[in-house]
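Student: Please find input_31.cif (mmCIF, C-alpha atoms) on the next line:
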```
data_coords
loop_
_atom_site.label_atom_id
_atom_site.label_comp_id
_atom_site.auth_asym_id
_atom_site.auth_seq_id
_atom_site.Cartn_x
_atom_site.Cartn_y
_atom_site.Cartn_z
CA MET A 1 52.42 -59.60 -36.09
CA TRP A 2 55.39 -59.37 -38.49
CA ARG A 3 54.97 -55.62 -38.80
CA LEU A 4 54.80 -55.17 -35.03
CA PHE A 5 57.85 -57.42 -34.57
CA CYS A 6 59.99 -55.47 -37.00
CA VAL A 7 58.90 -52.04 -35.79
CA THR A 8 59.67 -52.86 -32.15
CA LEU A 9 62.89 -54.80 -32.88
CA PRO A 10 65.12 -51.78 -33.61
CA LEU A 11 63.77 -49.94 -30.58
CA MET A 12 64.37 -52.93 -28.31
CA LEU A 13 67.94 -53.37 -29.50
CA ALA A 14 68.59 -49.67 -28.88
CA GLY A 15 67.25 -49.78 -25.35
CA ALA A 16 68.77 -49.77 -21.90
CA ALA A 17 71.60 -52.22 -22.53
CA GLN A 18 73.57 -52.27 -25.76
CA ALA A 19 74.88 -55.11 -27.85
CA GLN A 20 78.27 -56.36 -26.70
CA GLU A 21 79.07 -59.46 -28.74
CA LEU A 22 79.11 -60.00 -32.50
CA THR A 23 79.51 -63.64 -33.55
CA LEU A 24 79.69 -65.45 -36.92
CA PHE A 25 78.64 -69.13 -37.04
CA ALA A 26 79.03 -71.99 -39.53
CA GLY A 27 78.05 -75.63 -39.28
CA GLY A 28 75.58 -78.32 -40.31
CA LEU A 29 71.79 -78.68 -40.24
CA GLU A 30 69.35 -81.59 -40.39
CA GLU A 31 65.69 -81.43 -41.42
CA SER A 32 63.63 -83.46 -38.98
CA GLY A 33 61.19 -85.13 -41.40
CA THR A 34 63.47 -86.40 -44.16
CA ARG A 35 66.75 -86.38 -42.20
CA GLN A 36 68.31 -84.50 -45.11
CA ARG A 37 71.44 -82.57 -44.19
CA THR A 38 72.95 -79.34 -45.43
CA SER A 39 75.28 -76.56 -44.35
CA ALA A 40 74.10 -73.59 -42.26
CA TRP A 41 75.50 -70.27 -41.14
CA ALA A 42 74.43 -67.32 -39.01
CA PHE A 43 75.52 -64.10 -37.39
CA GLU A 44 74.36 -62.84 -34.01
CA TYR A 45 74.34 -59.55 -32.15
CA GLN A 46 74.01 -59.95 -28.36
CA HIS A 47 73.78 -57.56 -25.43
CA PRO A 48 73.79 -58.16 -21.67
CA LEU A 49 70.88 -57.67 -19.31
CA GLY A 50 72.77 -58.75 -16.20
CA GLU A 51 75.15 -61.41 -14.92
CA ASN A 52 72.80 -64.26 -15.84
CA LEU A 53 70.60 -62.75 -18.53
CA ALA A 54 71.12 -61.55 -22.12
CA ALA A 55 69.14 -60.84 -25.31
CA SER A 56 70.14 -61.39 -28.94
CA PHE A 57 69.18 -60.77 -32.55
CA SER A 58 70.33 -63.31 -35.15
CA TRP A 59 70.09 -63.80 -38.91
CA LEU A 60 70.20 -67.50 -39.87
CA ASN A 61 70.65 -69.21 -43.22
CA GLU A 62 69.36 -72.79 -43.03
CA GLY A 63 70.94 -73.95 -46.26
CA HIS A 64 69.30 -75.97 -49.04
CA VAL A 65 67.38 -79.08 -48.06
CA PRO A 66 65.19 -80.56 -50.85
CA GLY A 67 62.22 -78.28 -51.49
CA HIS A 68 63.31 -75.59 -49.04
CA HIS A 69 65.79 -72.73 -49.24
CA ARG A 70 65.05 -71.05 -45.89
CA ASP A 71 66.51 -68.28 -43.81
CA GLY A 72 65.18 -65.87 -41.20
CA GLN A 73 65.67 -63.65 -38.19
CA GLY A 74 65.24 -64.47 -34.52
CA ILE A 75 65.11 -62.64 -31.21
CA GLN A 76 66.06 -64.65 -28.12
CA VAL A 77 66.23 -64.14 -24.37
CA TRP A 78 69.06 -66.07 -22.72
CA GLY A 79 69.66 -67.44 -19.25
CA ARG A 80 73.32 -68.18 -18.58
CA SER A 81 75.68 -69.50 -15.94
CA ASN A 82 79.30 -68.36 -15.85
CA LEU A 83 81.84 -70.94 -14.69
CA LEU A 84 85.59 -71.49 -14.30
CA ASP A 85 86.35 -67.94 -13.19
CA ARG A 86 84.02 -66.69 -15.98
CA ARG A 87 86.08 -68.37 -18.71
CA LEU A 88 83.13 -70.59 -19.67
CA SER A 89 79.51 -69.52 -20.09
CA LEU A 90 76.70 -72.06 -20.49
CA ALA A 91 73.43 -70.61 -21.79
CA ALA A 92 69.95 -71.50 -23.03
CA GLY A 93 67.86 -69.17 -25.19
CA ILE A 94 64.39 -69.08 -26.71
CA GLY A 95 62.36 -66.68 -28.83
CA PRO A 96 60.36 -66.05 -32.03
CA TYR A 97 61.71 -66.84 -35.49
CA ARG A 98 60.49 -65.11 -38.67
CA TYR A 99 61.37 -67.22 -41.72
CA PHE A 100 61.52 -66.73 -45.50
CA ASP A 101 61.34 -70.00 -47.43
CA THR A 102 61.74 -70.59 -51.18
CA THR A 103 59.67 -73.66 -52.05
CA PRO A 104 58.47 -75.40 -55.27
CA SER A 105 55.27 -74.09 -56.86
CA SER A 106 53.28 -74.57 -60.06
CA ALA A 107 53.12 -70.77 -60.39
CA SER A 108 55.80 -68.09 -60.06
CA ASN A 109 58.22 -69.71 -62.53
CA GLY A 110 58.30 -72.88 -60.44
CA TYR A 111 58.86 -71.44 -56.97
CA ALA A 112 57.07 -69.54 -54.18
CA ASN A 113 58.34 -67.26 -51.39
CA VAL A 114 56.64 -68.46 -48.21
CA HIS A 115 56.78 -66.38 -45.03
CA GLY A 116 55.87 -67.52 -41.53
CA TRP A 117 56.60 -67.72 -37.83
CA GLY A 118 58.23 -70.34 -35.67
CA THR A 119 60.14 -70.75 -32.42
CA ILE A 120 63.90 -70.99 -32.03
CA GLY A 121 65.47 -72.61 -28.98
CA SER A 122 69.22 -72.80 -28.43
CA LEU A 123 71.92 -74.20 -26.17
CA ALA A 124 75.36 -72.56 -26.18
CA ALA A 125 78.76 -73.06 -24.59
CA THR A 126 81.09 -70.04 -24.91
CA TYR A 127 84.78 -69.84 -24.07
CA TYR A 128 86.14 -66.34 -23.38
CA SER A 129 89.84 -65.87 -24.17
CA GLU A 130 92.27 -63.48 -22.51
CA SER A 131 91.61 -61.00 -25.33
CA ARG A 132 88.24 -59.80 -26.68
CA TRP A 133 87.81 -62.91 -28.85
CA LEU A 134 85.34 -65.64 -27.90
CA TYR A 135 84.55 -69.12 -29.23
CA GLN A 136 81.13 -70.75 -29.08
CA MET A 137 79.51 -74.10 -29.78
CA ARG A 138 75.79 -73.66 -30.53
CA PHE A 139 72.85 -76.03 -30.97
CA ASN A 140 69.68 -74.55 -32.52
CA ARG A 141 66.26 -76.19 -32.73
CA ILE A 142 63.68 -74.43 -34.94
CA VAL A 143 60.03 -75.56 -34.83
CA THR A 144 57.41 -74.11 -37.21
CA PRO A 145 53.71 -75.04 -37.47
CA ASN A 146 53.51 -74.59 -41.26
CA SER A 147 57.02 -75.42 -42.49
CA ILE A 148 59.90 -77.77 -41.78
CA ASP A 149 61.54 -78.31 -38.37
CA THR A 150 65.34 -78.23 -38.23
CA SER A 151 68.25 -78.91 -35.88
CA ALA A 152 71.65 -77.30 -36.38
CA LEU A 153 75.05 -77.62 -34.72
CA MET A 154 77.38 -74.69 -35.39
CA PHE A 155 80.70 -73.30 -34.26
CA GLY A 156 81.13 -69.56 -33.89
CA ILE A 157 83.92 -67.02 -33.52
CA GLY A 158 82.91 -63.78 -31.86
CA TYR A 159 84.30 -60.48 -30.67
CA LEU A 160 83.49 -58.28 -27.69
CA LEU A 161 82.69 -54.85 -29.13
CA GLU A 162 83.90 -52.92 -26.08
CA PRO A 163 87.10 -53.13 -24.02
CA VAL A 164 86.64 -55.37 -20.98
CA SER A 165 87.90 -54.97 -17.45
CA GLU A 166 87.42 -58.65 -16.59
CA ARG A 167 87.22 -61.92 -18.42
CA GLY A 168 83.87 -63.33 -19.49
CA PRO A 169 80.51 -62.00 -20.68
CA GLN A 170 79.69 -58.40 -19.87
CA VAL A 171 77.08 -57.60 -17.23
CA SER A 172 76.26 -54.14 -18.59
CA ALA A 173 77.38 -51.78 -21.31
CA PRO A 174 78.75 -48.24 -21.26
CA ARG A 175 76.14 -45.58 -21.82
CA GLN A 176 76.32 -43.65 -25.08
CA SER A 177 76.00 -39.95 -24.19
CA THR A 178 75.62 -38.45 -27.69
CA ALA A 179 73.41 -39.14 -30.68
CA THR A 180 74.67 -41.75 -33.14
CA THR A 181 73.63 -39.79 -36.25
CA SER A 182 73.01 -36.20 -37.26
CA ASP A 183 72.26 -35.81 -41.00
CA GLU A 184 73.79 -38.11 -43.61
CA ILE A 185 73.39 -38.74 -47.33
CA THR A 186 74.74 -41.93 -48.94
CA LEU A 187 75.09 -43.22 -52.49
CA PHE A 188 75.11 -47.02 -52.89
CA LEU A 189 76.09 -49.59 -55.50
CA GLY A 190 75.67 -53.33 -55.16
CA LYS A 191 73.87 -56.53 -56.16
CA THR A 192 70.26 -57.71 -56.22
CA ILE A 193 69.66 -61.45 -55.66
CA VAL A 194 66.16 -62.78 -56.39
CA ASN A 195 65.00 -65.36 -53.84
CA SER A 196 64.30 -68.03 -56.45
CA TYR A 197 65.93 -71.37 -57.26
CA GLU A 198 68.02 -69.67 -59.95
CA SER A 199 69.08 -66.72 -57.73
CA GLU A 200 68.95 -64.26 -60.64
CA LEU A 201 71.37 -61.32 -60.25
CA SER A 202 71.38 -57.69 -61.27
CA THR A 203 73.16 -54.45 -60.38
CA ALA A 204 71.48 -52.38 -57.66
CA ARG A 205 71.77 -48.67 -56.95
CA ALA A 206 70.38 -46.59 -54.10
CA PHE A 207 70.31 -43.16 -52.52
CA GLU A 208 69.59 -42.65 -48.81
CA TYR A 209 68.98 -39.67 -46.53
CA ARG A 210 69.47 -40.48 -42.83
CA ARG A 211 68.36 -38.33 -39.90
CA GLY A 212 69.01 -38.99 -36.23
CA LEU A 213 65.79 -38.63 -34.20
CA ALA A 214 67.23 -39.63 -30.81
CA ARG A 215 70.39 -41.10 -29.30
CA HIS A 216 69.62 -44.59 -30.65
CA VAL A 217 66.89 -43.95 -33.24
CA ASP A 218 67.32 -42.94 -36.91
CA LEU A 219 64.88 -42.36 -39.75
CA THR A 220 65.83 -42.90 -43.39
CA LEU A 221 64.19 -42.01 -46.70
CA GLY A 222 65.63 -43.48 -49.87
CA VAL A 223 65.31 -44.48 -53.50
CA LEU A 224 66.18 -48.07 -54.46
CA ASN A 225 66.75 -49.35 -57.99
CA GLU A 226 67.03 -53.15 -57.95
CA GLY A 227 68.12 -53.38 -61.59
CA ASP A 228 66.92 -55.91 -64.17
CA ALA A 229 67.10 -59.47 -62.84
CA ARG A 230 64.75 -60.94 -65.49
CA LEU A 231 62.02 -61.67 -62.93
CA ILE A 232 62.01 -58.05 -61.71
CA ARG A 233 62.96 -54.58 -62.91
CA ARG A 234 61.96 -52.70 -59.78
CA THR A 235 62.50 -49.13 -58.56
CA GLY A 236 60.87 -47.52 -55.56
CA VAL A 237 60.93 -45.34 -52.46
CA THR A 238 61.86 -46.66 -48.99
CA ALA A 239 61.19 -45.29 -45.49
CA GLN A 240 62.67 -47.02 -42.42
CA ILE A 241 62.87 -46.58 -38.66
CA TRP A 242 66.18 -47.72 -37.15
CA GLY A 243 67.73 -48.81 -33.90
CA VAL A 244 71.37 -47.62 -34.01
CA ARG A 245 74.41 -47.28 -31.79
CA GLU A 246 78.10 -46.48 -31.88
CA VAL A 247 80.70 -49.00 -30.84
CA LEU A 248 82.14 -46.82 -28.13
CA ALA A 249 85.56 -48.42 -28.23
CA SER A 250 85.87 -46.83 -31.66
CA ASP A 251 83.20 -44.23 -32.32
CA ARG A 252 84.07 -44.53 -36.00
CA LEU A 253 81.89 -47.65 -36.22
CA ALA A 254 78.07 -47.49 -36.06
CA LEU A 255 75.68 -50.46 -36.28
CA GLY A 256 71.96 -50.47 -36.99
CA ILE A 257 68.83 -52.46 -37.84
CA GLY A 258 65.96 -50.88 -39.79
CA PHE A 259 62.48 -51.75 -41.05
CA GLY A 260 59.81 -49.99 -43.08
CA PRO A 261 57.62 -49.80 -46.20
CA TYR A 262 58.88 -50.00 -49.78
CA LEU A 263 56.66 -48.54 -52.51
CA ALA A 264 57.97 -49.69 -55.88
CA VAL A 265 57.02 -50.01 -59.54
CA ASP A 266 58.12 -53.11 -61.45
CA SER A 267 58.33 -52.06 -65.09
CA TYR A 268 59.15 -55.63 -66.19
CA ARG A 269 56.05 -57.44 -64.99
CA ASP A 270 53.05 -57.49 -62.65
CA ALA A 271 52.01 -60.35 -60.41
CA ALA A 272 50.82 -63.32 -62.45
CA PRO A 273 47.51 -65.15 -61.77
CA GLY A 274 47.79 -67.27 -58.63
CA GLU A 275 50.70 -65.29 -57.18
CA GLY A 276 48.50 -63.02 -55.05
CA GLY A 277 49.10 -59.41 -54.07
CA ASP A 278 50.47 -56.78 -56.41
CA SER A 279 53.91 -55.53 -57.37
CA LYS A 280 53.83 -52.09 -55.74
CA PHE A 281 53.86 -52.36 -51.93
CA SER A 282 56.42 -54.40 -49.97
CA TRP A 283 58.39 -54.29 -46.72
CA ILE A 284 62.15 -53.86 -46.42
CA PHE A 285 64.35 -55.04 -43.53
CA THR A 286 68.00 -53.93 -43.31
CA ALA A 287 71.11 -54.62 -41.24
CA SER A 288 73.75 -51.91 -41.72
CA ALA A 289 77.23 -50.92 -40.57
CA ALA A 290 79.01 -47.61 -41.18
CA TYR A 291 82.69 -46.81 -40.71
CA ARG A 292 83.57 -43.13 -40.38
CA PHE A 293 86.88 -42.14 -41.93
CA SER A 294 86.45 -38.51 -40.79
CA PRO A 295 83.75 -36.41 -39.11
CA GLN A 296 82.18 -35.92 -42.55
CA TRP A 297 82.87 -39.07 -44.61
CA ALA A 298 81.84 -42.68 -44.01
CA ALA A 299 81.69 -46.02 -45.81
CA ARG A 300 78.46 -47.99 -45.30
CA PHE A 301 77.46 -51.62 -45.90
CA SER A 302 73.77 -52.57 -45.93
CA TRP A 303 72.10 -55.96 -46.34
CA ASN A 304 68.47 -55.47 -47.37
CA ARG A 305 65.71 -58.08 -47.48
CA VAL A 306 62.70 -57.08 -49.61
CA ASN A 307 59.59 -58.94 -48.41
CA THR A 308 56.85 -59.03 -51.12
CA ASN A 309 53.36 -60.57 -51.22
CA HIS A 310 53.68 -61.92 -54.76
CA HIS A 311 56.77 -64.18 -54.65
CA ARG A 312 59.39 -61.68 -55.77
CA ASP A 313 61.48 -61.39 -52.59
CA THR A 314 65.05 -60.19 -53.01
CA ASP A 315 68.27 -59.67 -51.10
CA VAL A 316 69.96 -56.39 -51.99
CA ILE A 317 73.60 -56.09 -50.91
CA LEU A 318 74.86 -52.49 -51.03
CA PHE A 319 78.16 -50.66 -50.45
CA GLY A 320 78.07 -46.90 -50.21
CA ALA A 321 79.92 -43.66 -49.53
CA GLY A 322 78.21 -41.23 -47.17
CA TYR A 323 78.59 -37.57 -46.23
CA ARG A 324 77.58 -36.28 -42.77
CA TYR A 325 76.67 -32.66 -42.09
#
```
Would you give me this structure, written as structure tokens?
Tutor:
Amino acid sequence: MWRLFCVTLPLMLAGAAQAQELTLFAGGLEESGTRQRTSAWAFEYQHPLGENLAASFSWLNEGHVPGHHRDGQGIQVWGRSNLLDRRLSLAAGIGPYRYFDTTPSSASNGYANVHGWGTIGSLAATYYSESRWLYQMRFNRIVTPNSIDTSALMFGIGYLLEPVSERGPQVSAPRQSTATTSDEITLFLGKTIVNSYESELSTARAFEYRRGLARHVDLTLGVLNEGDARLIRRTGVTAQIWGVREVLASDRLALGIGFGPYLAVDSYRDAAPGEGGDSKFSWIFTASAAYRFSPQWAARFSWNRVNTNHHRDTDVILFGAGYRY
């Protein structure tokens, strides 16, 4: 189910209507069982499907409640009502939530990376200013059958990615007439963060070849070196399918979400007894943004999540310089 979700996600986001709002959230979260509280943050990418309907992709960090360091991605469909001459939008959304939870364990150096599915439901009130800025109050409720349930209240500041002719949420998006990508090679440098309680760090390096297959679909092949973070010393080959688009208000900016296999060799260690799986085959999920300084040169930021089956998940944050031809 996870593989199907992540393969279809980029294609869905690149479909008939394009994302129009990018919003960053911060706030507080409460775990339902223990009533423990922590901070939480998220970012969301939303596109319109009509006057009263929208869809979104979000990446949520649920903070650190005792025994759980959890984050994840969610897709939601929203119903909304636009009031006060479209200054205020009230909305309710629901959809699947794929989580990654770092929990205590007797193996794996005292922790385990647990993956699973849940449901995310949300209520939102959004105020649209005279400019392209928006302000939102959001309540999230996440329910999971095999992990903790949480409630979060967050405040967000967002931006409409395209110029608007009227105030309020957009009903549709301008159609992109040309392909987002031709051919591009990028060299990256950044940081690897192990998803453990110690959050071990190392220097990461990567090379990526990107090819546009269609107006909103890219394919990438790459080499990723995650460095030496004590628990891992991993290098491998990545292949990802992407949903991509230009922000048409400034075709210098391109956004994308990608997913695919990661075949890697960990020269530091293999999976220990009780950890399951092996250290060679994983999945990689990436959110990326590229800014084009000229027709040939671009700067790219990529946030990668490596999803393993032996408790060695990582976040790999990369900055790169790319050449298009």
Student: A:Lys191, A:Arg324, A:Arg70, A:His115: which is nearest A:Ala299, counting all atoms listed in the file?
Tutor: A:Arg324
Student: Could you expand the PyMOL selection byres ((chain A and resi 252) around 12) into the explicit residues it covers here, written as a list in words?
Tutor: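 Applied to this file, the PyMOL selection byres ((chain A and resi 252) around 12) returns Thr180, Thr181, Arg245, Glu246, Val247, Leu248, Ala249, Ser250, Asp251, Leu253, Ala254, Leu255, Ala289, Ala290, Tyr291, Arg292, Phe293, Ser294, Pro295, Gln296, Trp297, Ala298, Ala299 and Arg300 of chain A.
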Student: Output C-alpha atoms for every residue in that selection, as a PDB file, keeping the file's coordinate frame.
Tutor:
```pdb
ATOM      1  CA  THR A 180      74.670 -41.750 -33.140  1.00  0.00           C
ATOM      2  CA  THR A 181      73.630 -39.790 -36.250  1.00  0.00           C
ATOM      3  CA  ARG A 245      74.410 -47.280 -31.790  1.00  0.00           C
ATOM      4  CA  GLU A 246      78.100 -46.480 -31.880  1.00  0.00           C
ATOM      5  CA  VAL A 247      80.700 -49.000 -30.840  1.00  0.00           C
ATOM      6  CA  LEU A 248      82.140 -46.820 -28.130  1.00  0.00           C
ATOM      7  CA  ALA A 249      85.560 -48.420 -28.230  1.00  0.00           C
ATOM      8  CA  SER A 250      85.870 -46.830 -31.660  1.00  0.00           C
ATOM      9  CA  ASP A 251      83.200 -44.230 -32.320  1.00  0.00           C
ATOM     10  CA  LEU A 253      81.890 -47.650 -36.220  1.00  0.00           C
ATOM     11  CA  ALA A 254      78.070 -47.490 -36.060  1.00  0.00           C
ATOM     12  CA  LEU A 255      75.680 -50.460 -36.280  1.00  0.00           C
ATOM     13  CA  ALA A 289      77.230 -50.920 -40.570  1.00  0.00           C
ATOM     14  CA  ALA A 290      79.010 -47.610 -41.180  1.00  0.00           C
ATOM     15  CA  TYR A 291      82.690 -46.810 -40.710  1.00  0.00           C
ATOM     16  CA  ARG A 292      83.570 -43.130 -40.380  1.00  0.00           C
ATOM     17  CA  PHE A 293      86.880 -42.140 -41.930  1.00  0.00           C
ATOM     18  CA  SER A 294      86.450 -38.510 -40.790  1.00  0.00           C
ATOM     19  CA  PRO A 295      83.750 -36.410 -39.110  1.00  0.00           C
ATOM     20  CA  GLN A 296      82.180 -35.920 -42.550  1.00  0.00           C
ATOM     21  CA  TRP A 297      82.870 -39.070 -44.610  1.00  0.00           C
ATOM     22  CA  ALA A 298      81.840 -42.680 -44.010  1.00  0.00           C
ATOM     23  CA  ALA A 299      81.690 -46.020 -45.810  1.00  0.00           C
ATOM     24  CA  ARG A 300      78.460 -47.990 -45.300  1.00  0.00           C
TER      25      ARG A 300
END
```
Student: As a PyMOL selection string, please: the residues near stretch 314-321 of chain A (cut-off 6 Å, only C-alpha atoms, same-chain neighbours under 2 positions excluded).
Tutor: chain A and resi 186-195+298-306
Student: Would you kindly translate the PyMOL selection byres ((chain A and resi 91) around 12) into the concrete residues it picks from this file, as a PDB file with C-alpha atoms, in the frame of the given file?
Tutor:
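Now in out.pdb:
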```pdb
ATOM      1  CA  GLU A  51      75.150 -61.410 -14.920  1.00  0.00           C
ATOM      2  CA  ASN A  52      72.800 -64.260 -15.840  1.00  0.00           C
ATOM      3  CA  LEU A  53      70.600 -62.750 -18.530  1.00  0.00           C
ATOM      4  CA  ALA A  54      71.120 -61.550 -22.120  1.00  0.00           C
ATOM      5  CA  ALA A  55      69.140 -60.840 -25.310  1.00  0.00           C
ATOM      6  CA  GLN A  76      66.060 -64.650 -28.120  1.00  0.00           C
ATOM      7  CA  VAL A  77      66.230 -64.140 -24.370  1.00  0.00           C
ATOM      8  CA  TRP A  78      69.060 -66.070 -22.720  1.00  0.00           C
ATOM      9  CA  GLY A  79      69.660 -67.440 -19.250  1.00  0.00           C
ATOM     10  CA  ARG A  80      73.320 -68.180 -18.580  1.00  0.00           C
ATOM     11  CA  SER A  81      75.680 -69.500 -15.940  1.00  0.00           C
ATOM     12  CA  ASN A  82      79.300 -68.360 -15.850  1.00  0.00           C
ATOM     13  CA  LEU A  83      81.840 -70.940 -14.690  1.00  0.00           C
ATOM     14  CA  LEU A  88      83.130 -70.590 -19.670  1.00  0.00           C
ATOM     15  CA  SER A  89      79.510 -69.520 -20.090  1.00  0.00           C
ATOM     16  CA  LEU A  90      76.700 -72.060 -20.490  1.00  0.00           C
ATOM     17  CA  ALA A  92      69.950 -71.500 -23.030  1.00  0.00           C
ATOM     18  CA  GLY A  93      67.860 -69.170 -25.190  1.00  0.00           C
ATOM     19  CA  ILE A  94      64.390 -69.080 -26.710  1.00  0.00           C
ATOM     20  CA  GLY A 121      65.470 -72.610 -28.980  1.00  0.00           C
ATOM     21  CA  SER A 122      69.220 -72.800 -28.430  1.00  0.00           C
ATOM     22  CA  LEU A 123      71.920 -74.200 -26.170  1.00  0.00           C
ATOM     23  CA  ALA A 124      75.360 -72.560 -26.180  1.00  0.00           C
ATOM     24  CA  ALA A 125      78.760 -73.060 -24.590  1.00  0.00           C
ATOM     25  CA  THR A 126      81.090 -70.040 -24.910  1.00  0.00           C
ATOM     26  CA  TYR A 127      84.780 -69.840 -24.070  1.00  0.00           C
ATOM     27  CA  GLN A 136      81.130 -70.750 -29.080  1.00  0.00           C
ATOM     28  CA  MET A 137      79.510 -74.100 -29.780  1.00  0.00           C
ATOM     29  CA  ARG A 138      75.790 -73.660 -30.530  1.00  0.00           C
ATOM     30  CA  PHE A 139      72.850 -76.030 -30.970  1.00  0.00           C
ATOM     31  CA  PRO A 169      80.510 -62.000 -20.680  1.00  0.00           C
TER      32      PRO A 169
END
```
Student: Rank nothing, just name the residue among A:Arg175, A:Lys280, A:Arg234, A:His216 nearest to A:Gly256, using only C-alpha atoms.
Tutor: A:His216
Student: What residues come out when you apply the PyMOL selection byres ((chain A and resi 25) around 6) to this file, written as a ChimeraX atom specification?
Tutor: /A:24,26,41-43,154-156
Student: Write a file of the selected residues as a short mmCIF file (atom, residue, chain, number, x, y, z; two decimals), in the frame of the given file, keeping C-alpha atoms.
Tutor:
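Once everything was written out, this is part_18.cif:
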```
data_model
loop_
_atom_site.label_atom_id
_atom_site.label_comp_id
_atom_site.auth_asym_id
_atom_site.auth_seq_id
_atom_site.Cartn_x
_atom_site.Cartn_y
_atom_site.Cartn_z
CA LEU A 24 79.69 -65.45 -36.92
CA ALA A 26 79.03 -71.99 -39.53
CA TRP A 41 75.50 -70.27 -41.14
CA ALA A 42 74.43 -67.32 -39.01
CA PHE A 43 75.52 -64.10 -37.39
CA MET A 154 77.38 -74.69 -35.39
CA PHE A 155 80.70 -73.30 -34.26
CA GLY A 156 81.13 -69.56 -33.89
#
```
Student: Quick one: pull the distance between atom CA of A:Glu30 and atom CA of A:Thr103, Å, one decimal.
Tutor: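 Spanning atom CA of A:Glu30 to atom CA of A:Thr103 is a straight-line distance of 17.1 Å.
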Student: Could you give me, as a count of residues only, the residues within 7 Å of A:Tyr128, counting only C-alpha atoms and dropping anything in the same chain fewer than 5 positions from it?
Tutor: 7
Student: Measuring atom to atom with only C-alpha atoms, identify which of A:Trp117, A:Phe259, A:Tyr325, A:Tyr111 is nearest to A:Arg312.
Tutor: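 Closest to A:Arg312 of all the choices is A:Tyr111.
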Student: Which of these residues is nearest to A:Thr235, using all atoms listed in the file: A:Asp266, A:Glu166, A:Glu31, A:Glu130?
Tutor: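 Checking each of A:Asp266, A:Glu166, A:Glu31, A:Glu130 against A:Thr235, counting all atoms listed in the file, the winner is A:Asp266.
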Student: Using the partial input, fill out stretch 80-84 of chain A with all heavy atoms; write the result as a compact mmCIF listing (two decimals), keeping the file's coordinate frame.
Tutor:
```txt
# COMPACT_ATOMS: atom_id res chain seq x y z
N ARG A 80 71.97 -67.65 -18.48
CA ARG A 80 73.32 -68.18 -18.58
C ARG A 80 73.96 -68.34 -17.21
O ARG A 80 73.60 -67.64 -16.25
CB ARG A 80 74.19 -67.28 -19.46
CG ARG A 80 74.36 -65.87 -18.93
CD ARG A 80 75.02 -64.97 -19.95
NE ARG A 80 75.23 -63.62 -19.43
CZ ARG A 80 75.63 -62.59 -20.14
NH1 ARG A 80 75.88 -62.75 -21.44
NH2 ARG A 80 75.80 -61.39 -19.61
N SER A 81 74.90 -69.27 -17.15
CA SER A 81 75.68 -69.50 -15.94
C SER A 81 77.15 -69.40 -16.31
O SER A 81 77.60 -70.03 -17.27
CB SER A 81 75.36 -70.89 -15.37
OG SER A 81 76.14 -71.16 -14.22
N ASN A 82 77.90 -68.61 -15.55
CA ASN A 82 79.30 -68.36 -15.85
C ASN A 82 80.20 -69.13 -14.89
O ASN A 82 80.11 -68.96 -13.67
CB ASN A 82 79.58 -66.86 -15.77
CG ASN A 82 78.68 -66.07 -16.72
OD1 ASN A 82 78.53 -66.44 -17.88
ND2 ASN A 82 78.05 -65.01 -16.22
N LEU A 83 81.05 -69.99 -15.46
CA LEU A 83 81.84 -70.94 -14.69
C LEU A 83 83.33 -70.72 -14.92
O LEU A 83 83.74 -69.96 -15.79
CB LEU A 83 81.45 -72.37 -15.09
CG LEU A 83 79.94 -72.71 -15.09
CD1 LEU A 83 79.71 -74.08 -15.69
CD2 LEU A 83 79.37 -72.60 -13.70
N LEU A 84 84.14 -71.46 -14.14
CA LEU A 84 85.59 -71.49 -14.30
C LEU A 84 86.18 -70.08 -14.33
O LEU A 84 86.89 -69.70 -15.26
CB LEU A 84 85.98 -72.27 -15.57
CG LEU A 84 85.47 -73.71 -15.66
CD1 LEU A 84 85.89 -74.33 -16.97
CD2 LEU A 84 85.98 -74.52 -14.47
```
